[in-house]
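Report on the following structure.
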Amino acid sequence: MIHSSAFDYINVMDKTLDAAWTRNEVISNNIANVDTPGYKRQDISFEDELRHALGSSRYKSVDAKVAAVKIGRLNPRTYTDYSNFSYRTDRNNVDIDTENVLLASNQLKYNALMAGVNQEFSNLKMVMR
């Protein structure tokens, strides 16, 4: 993490990349346990925390909202999803098709975030010239 207002967007995107990486691991674990009796799928909670950290004030610019984010408090949290729900008689609630779609979606998000971070560094290099 870099402590400068010039890196506010990069720091937020870095935390979002960490969350996407964690989600990738959680989804992979769900896929690996698709045939484990009693296994309950897991997911992470991050986007709602980010939305809350950015605030809902209509009168602040996005730059001001991003600058006000407390990066240390912005962490992905793993939780068990639909713990009382099961698709099958073995009490497992992992649907392989859904997990594969979520994995592909998460990988697209990760790649887009990486492109965003690269663009921010390109912008900083251009300004320094």
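Identifiers in the structure tokens: chain A, B, ... in order shown; residue index from 1 per chain; ligand index from 1 in order shown.
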
DSSP-assigned alpha helix (DSSP H) among chain A, expressed as a PyMOL selection string: chain A and resi 8-32+47-54+62-67+96-128

Test item: residues at most 12 Å from Ala104 (chain A), only C-alpha atoms, excluding those fewer than 3 positions along its chain, as a count of residues only: 15

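Taking only C-alpha atoms into account, Lys40 (chain A) lies nearest to A:Val94 out of the set A:Val94, A:Ala112, A:Ala67, A:Met13.
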
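Residues within 12 Å of Tyr87 (chain A), counting only C-alpha atoms and excluding same-chain residues fewer than 4 positions away, are Val34, Asp35, Pro37, Gly38, Tyr39, Lys40, Arg41, Tyr82, Ser83, Arg91, Asn92, Asn93, Val94, Asp95 and Ile96 of chain A.
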
Expected file: the selected residues, C-alpha atoms, as a PDB file, in the first residue's frame:
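Written out: result-v3.pdb:
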ATOM      1  CA  VAL A  34     -18.829 -30.275  -5.264  1.00  0.00           C
ATOM      2  CA  ASP A  35     -19.120 -33.971  -4.326  1.00  0.00           C
ATOM      3  CA  PRO A  37     -21.514 -34.597   1.405  1.00  0.00           C
ATOM      4  CA  GLY A  38     -22.705 -31.806   3.689  1.00  0.00           C
ATOM      5  CA  TYR A  39     -20.392 -29.168   2.215  1.00  0.00           C
ATOM      6  CA  LYS A  40     -21.897 -25.680   2.061  1.00  0.00           C
ATOM      7  CA  ARG A  41     -20.664 -23.232  -0.545  1.00  0.00           C
ATOM      8  CA  TYR A  82     -27.281 -20.470   2.032  1.00  0.00           C
ATOM      9  CA  SER A  83     -26.224 -22.769   4.866  1.00  0.00           C
ATOM     10  CA  ARG A  91     -26.961 -31.683   2.049  1.00  0.00           C
ATOM     11  CA  ASN A  92     -24.358 -30.195  -0.345  1.00  0.00           C
ATOM     12  CA  ASN A  93     -25.493 -26.887  -1.876  1.00  0.00           C
ATOM     13  CA  VAL A  94     -22.798 -26.386  -4.544  1.00  0.00           C
ATOM     14  CA  ASP A  95     -24.063 -26.106  -8.120  1.00  0.00           C
ATOM     15  CA  ILE A  96     -21.106 -26.709 -10.440  1.00  0.00           C
TER      16      ILE A  96
END

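Distance annotation: of A:Asp81, A:Arg88, A:Leu50, A:Ile71, the residue with the minimal separation from Thr36 (chain A) is A:Arg88; atom set is only C-alpha atoms.
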
Atomic separation - CA of Val12 (chain A) relative to CA of Val66 (chain A), Å: 7.4 Å

CA of Lys15 (chain A) to CA of Leu103 (chain A), distance in Å rounded to a single decimal: 18.6 Å

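Within chain A, DSSP applied to the backbone places the following residues in strand (DSSP E or B): Gln42, Asp43, Ile44, Ser45, Arg77, Thr78, Tyr79 and Thr80 of chain A.
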
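Distance check against Asp18 (chain A) using only C-alpha atoms: of A:Leu74, A:Val69, A:Ala115, A:Met128, the minimum falls on A:Leu74.
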
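Counting only C-alpha atoms, the residue from A:Asn106, A:Asp90, A:Phe7, A:Met126 that sits nearest to Asp63 (chain A) is A:Phe7.
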
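Across the structure, CA of Met114 (chain A) and CA of Ala64 (chain A) are spaced 22.5 Å apart.
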
Excluding region 46-48 of chain A and its own-chain neighbours fewer than 3 positions away, which residues fall within 10 Å of it when counting only C-alpha atoms? Please give them as a short mmCIF file (atom, residue, chain, number, x, y, z; two decimals) with N, CA, C and O atoms, in the first residue's frame.
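Written file, part-v6.cif:
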data_model
loop_
_atom_site.label_atom_id
_atom_site.label_comp_id
_atom_site.auth_asym_id
_atom_site.auth_seq_id
_atom_site.Cartn_x
_atom_site.Cartn_y
_atom_site.Cartn_z
N LYS A 15 -6.91 -3.28 -3.07
CA LYS A 15 -7.76 -4.02 -2.13
C LYS A 15 -8.83 -4.82 -2.87
O LYS A 15 -9.16 -5.94 -2.50
N THR A 16 -9.37 -4.25 -3.94
CA THR A 16 -10.38 -4.94 -4.73
C THR A 16 -9.77 -6.14 -5.45
O THR A 16 -10.40 -7.19 -5.56
N ALA A 19 -9.49 -8.88 -2.96
CA ALA A 19 -10.81 -9.51 -2.75
C ALA A 19 -11.15 -10.45 -3.91
O ALA A 19 -11.66 -11.55 -3.69
N ALA A 20 -10.84 -10.03 -5.13
CA ALA A 20 -11.11 -10.89 -6.29
C ALA A 20 -10.25 -12.15 -6.24
O ALA A 20 -10.72 -13.24 -6.59
N ARG A 23 -11.80 -14.37 -3.66
CA ARG A 23 -13.02 -14.97 -4.19
C ARG A 23 -12.67 -16.12 -5.15
O ARG A 23 -13.33 -17.15 -5.16
N ASP A 43 -18.61 -17.86 0.00
CA ASP A 43 -18.37 -16.71 -0.85
C ASP A 43 -17.73 -15.65 0.03
O ASP A 43 -17.54 -15.86 1.23
N ARG A 51 -18.80 -0.31 -1.16
CA ARG A 51 -19.86 0.67 -1.40
C ARG A 51 -20.11 1.51 -0.15
O ARG A 51 -20.25 2.73 -0.21
N HIS A 52 -20.13 0.86 1.01
CA HIS A 52 -20.32 1.57 2.27
C HIS A 52 -19.14 2.50 2.56
O HIS A 52 -19.31 3.64 3.01
N ALA A 53 -17.92 2.01 2.29
CA ALA A 53 -16.72 2.83 2.54
C ALA A 53 -16.68 4.05 1.64
O ALA A 53 -16.20 5.11 2.05
N LEU A 54 -17.17 3.91 0.42
CA LEU A 54 -17.20 5.06 -0.49
C LEU A 54 -18.27 6.07 -0.10
O LEU A 54 -18.21 7.22 -0.50
N LEU A 74 -10.92 -2.06 5.00
CA LEU A 74 -11.58 -2.61 3.83
C LEU A 74 -10.99 -4.00 3.52
O LEU A 74 -9.97 -4.11 2.86
N ASN A 75 -11.62 -5.04 4.06
CA ASN A 75 -11.10 -6.40 3.91
C ASN A 75 -12.22 -7.34 3.50
O ASN A 75 -13.34 -7.24 3.99
N PRO A 76 -11.92 -8.28 2.60
CA PRO A 76 -12.93 -9.28 2.22
C PRO A 76 -13.19 -10.22 3.40
O PRO A 76 -12.29 -10.53 4.18
N ARG A 77 -14.44 -10.63 3.53
CA ARG A 77 -14.84 -11.51 4.63
C ARG A 77 -15.52 -12.74 4.03
O ARG A 77 -16.45 -12.63 3.26
N THR A 78 -15.03 -13.92 4.38
CA THR A 78 -15.59 -15.17 3.88
C THR A 78 -16.80 -15.55 4.74
O THR A 78 -16.77 -15.43 5.95
#

From A:Glu49, A:Leu102, A:Gly55, A:Asp8, residue lying nearest Asn30 (chain A) [only C-alpha atoms]: A:Leu102
